[in-house]
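Please read the structure below before turning to the comments.
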Amino acid sequence: MFDYVIVGAGFAGATVAAQMARNFGKRVMLLDRRSHVGGNAYDHYDRAGVLVHKYGPHIFHTNSRDVIDYLSLFTEWRTYEHRVLASVDGKLVPIPINLDTVNVLHGLNLTVGELEAYLETIAEKPASVRTSEDVVVSRVGRDLYTKMFRGYTRKQWGLDPSELDASVTARIPVRLNRDDRYFSDTYQVMPLHGFTRMFENMLDHPNITIMLNTDYRDAMNSIRYRELVYTGPIDEFFDFRYGKLPYRSLQFRHETLNVKKLQPVAVINHPNEHDYTRVTEFKHLTGQSHSKTSVVYEYPCDGGDPYYPVPRPENAALYKQYEALAAQAQGVHFVGRLATYKYYNMDQVVAQALTLCAKLSGATRGELVRKPFEAVASPELISAAN
């Protein structure tokens, strides 16, 4: 008899499994359709020995001390501050938009003190900010919106920004200085030996049984258990009773190149040319020393694995119907991106899972964490033979 069957071995499922098994002695069965743990954060060594992220780049960042302390139980870290450039008008410029972005694209020589006033002169002020287009043009005007955001958003979502909720672009800041970091969180680090190693450490416990290549519907009748933790698509759990929740998916084209480095930064966005949205070079993320390099091209699409809930009012209303069903389900707990139809960063999924563990156990969030965060002072370079 298992205390919990957990569906999905990504951040949400692995966190709940590790906590309930390690801290509270519960017997856990963890199921996943895929052939590996780690969900979309899964990384592995390609044929050339370069560590790559199979499902696109995953960059860890958080302001939560609880989350970083918890994950530090299972990994050491290397410091990494993510930087992204956008290919616009034949130039590479920082994104989020900062002083250098504006100066390069508008042929100016503004100072930090002059940027805010300049943006006010080019900003368009809609009567109300309802859409993603409204968010951007109200901050940086029509020209920068067209060059930096419109094409990228249309490729990413298959919709014009004027058709998308304001939340899509509201989460991207505009910097009034030369700060070119993509994130500003307190903790910006990467697992020293990769995400998969971290997940394997989390789940290495005698109370945890793992079944991969397994659809939970095929296995449930043969498993005796008390409660279910579900991290998959909520509409699928209820047999699409009210219809399918819309998602955008991604297709990936991985390439290994016979050069040490290809790009000046890990990610280059391509908002206006090519079918792909961005190109990621993994060695920037991992710090790996290798004579070759590996990159991935991302192509957004409608079909395939669900990645991004489509943020439109009608989709939120549809999710509310499924949320009401979930609230009535006895002995079932819904956690994670797909189960709550919301785009969360990795740290937010961990925080949500820790909160569920506190609820299930009666403990506080603080009692679930035992080891303080320690960043690796001198980042260790991962060898190809690792």
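Residues in the structure tokens are named by chain (A, B, ... in the order shown) and by number from 1 within that chain; ligands are numbered from 1 in the order shown.
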
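For stretch 245-251 of chain A, the list of residues within 8 Å, based on only C-alpha atoms and with local chain neighbours fewer than 2 positions off taken out, reads Gln156, Trp157, Asp235, Gly243, Arg253, Glu298, Tyr299, Pro300, Cys301, Asp302, Gly303, Gly304, Asp305, Pro306, Tyr307, Tyr308, Pro309, Val310, Asn315, Leu318 and Tyr319 of chain A.
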
List as a tab-separated table every residue of stretch 205-316 of chain A that is in contact with stretch 328-338 of chain A, defined as an atom at most 7 Å from one of its atoms (using only C-alpha atoms), together with the nearest atom pair and the distance in Å rounded to one decimal, sorted by chain and then rising number.
residue	atom	partner	partner_atom	distance
A:Glu227	CA	A:Gly331	CA	5.0
A:Leu228	CA	A:Val332	CA	4.7
A:Val229	CA	A:His333	CA	4.7
A:Tyr230	CA	A:Phe334	CA	5.0
A:Thr231	CA	A:Val335	CA	5.3
A:Gly232	CA	A:Leu338	CA	5.3
A:Pro233	CA	A:Leu338	CA	4.5
A:Ile234	CA	A:Leu338	CA	6.4

- request: Tell me, in Å to one decimal, how far atom CA of A:Ala117 is from atom CA of A:Ser162.
  value: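 Answer for the atom CA of A:Ala117 to atom CA of A:Ser162 separation: 25.8 Å.
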
message: Could you list, as a list in words, every residue within 12 Å of A:Ser222, counting only C-alpha atoms and ignoring same-chain residues fewer than 4 positions away?
response: Met1, Phe2, Val5, Met29, Tyr216, Arg217 and Asp218 of chain A

message: Report, in Å to a single decimal, how far apart atom CA of A:Tyr152 and atom CA of A:Leu164 are.
response: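 Distance between the two atoms: 13.0 Å.
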
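Nearest to A:Gln321 of all the residues A:Ile6, A:Val129, A:Thr340, A:Asn63 is A:Thr340, based on only C-alpha atoms.
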
task: Would you please extract all alpha helix (DSSP H) residues from stretch 56-195 of chain A, as assigned by DSSP on the backbone, and give them as a count of residues only?
output: 51

Contact residues around A:Asn269 with only C-alpha atoms at 6 Å, ignoring same-chain residues under 3 positions, as a ChimeraX atom specification: /A:86,277-278

query: Any idea what the distance is between atom CA of A:Val265 and atom CA of A:Arg150?
result: 22.5 Å

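Inside stretch 54-226 of chain A, the residues DSSP reads as strand (DSSP E) when given the backbone are His61, Thr62, Trp77, Arg78, Thr79, Val84, Leu85, Ala86, Ser87, Val88, Lys91, Leu92, Val93, Pro94, Ile95, Tyr187, Gln188, Val189, Met190, Pro191, Ile208, Thr209, Ile210, Met211, Tyr225 and Arg226 of chain A.
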
Store the residues picked out above, limited to C-alpha atoms, as a PDB file, in the first residue's frame.
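In the end it all went to out-v9.pdb:
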ATOM      1  CA  HIS A  61      16.387  31.986 -10.537  1.00  0.00           C
ATOM      2  CA  THR A  62      14.436  32.807  -7.393  1.00  0.00           C
ATOM      3  CA  TRP A  77      25.368  25.357  -7.587  1.00  0.00           C
ATOM      4  CA  ARG A  78      27.353  27.459 -10.005  1.00  0.00           C
ATOM      5  CA  THR A  79      26.607  31.161 -10.218  1.00  0.00           C
ATOM      6  CA  VAL A  84      19.748  37.568 -23.798  1.00  0.00           C
ATOM      7  CA  LEU A  85      20.331  39.494 -27.023  1.00  0.00           C
ATOM      8  CA  ALA A  86      17.791  40.149 -29.761  1.00  0.00           C
ATOM      9  CA  SER A  87      18.702  40.208 -33.442  1.00  0.00           C
ATOM     10  CA  VAL A  88      17.071  43.402 -34.741  1.00  0.00           C
ATOM     11  CA  LYS A  91      22.286  44.329 -34.716  1.00  0.00           C
ATOM     12  CA  LEU A  92      22.378  42.404 -31.440  1.00  0.00           C
ATOM     13  CA  VAL A  93      20.745  44.409 -28.652  1.00  0.00           C
ATOM     14  CA  PRO A  94      19.924  43.598 -25.017  1.00  0.00           C
ATOM     15  CA  ILE A  95      16.522  42.352 -23.946  1.00  0.00           C
ATOM     16  CA  TYR A 187      19.563  33.854  -6.392  1.00  0.00           C
ATOM     17  CA  GLN A 188      20.666  33.207  -9.990  1.00  0.00           C
ATOM     18  CA  VAL A 189      22.349  29.818 -10.163  1.00  0.00           C
ATOM     19  CA  MET A 190      22.457  26.559 -12.095  1.00  0.00           C
ATOM     20  CA  PRO A 191      22.746  23.022 -10.672  1.00  0.00           C
ATOM     21  CA  ILE A 208      10.123   6.111  -3.416  1.00  0.00           C
ATOM     22  CA  THR A 209       9.224   3.718  -6.231  1.00  0.00           C
ATOM     23  CA  ILE A 210       9.482   5.106  -9.761  1.00  0.00           C
ATOM     24  CA  MET A 211       7.680   3.814 -12.845  1.00  0.00           C
ATOM     25  CA  TYR A 225      -2.834   3.747  -2.503  1.00  0.00           C
ATOM     26  CA  ARG A 226      -4.429   6.272  -0.165  1.00  0.00           C
TER      27      ARG A 226
END

- prompt: Restricting the calculation to only C-alpha atoms, which member of A:Phe183, A:Tyr344, A:Tyr118, A:Phe149 is positioned closest to A:His270?
  reply: A:Phe149
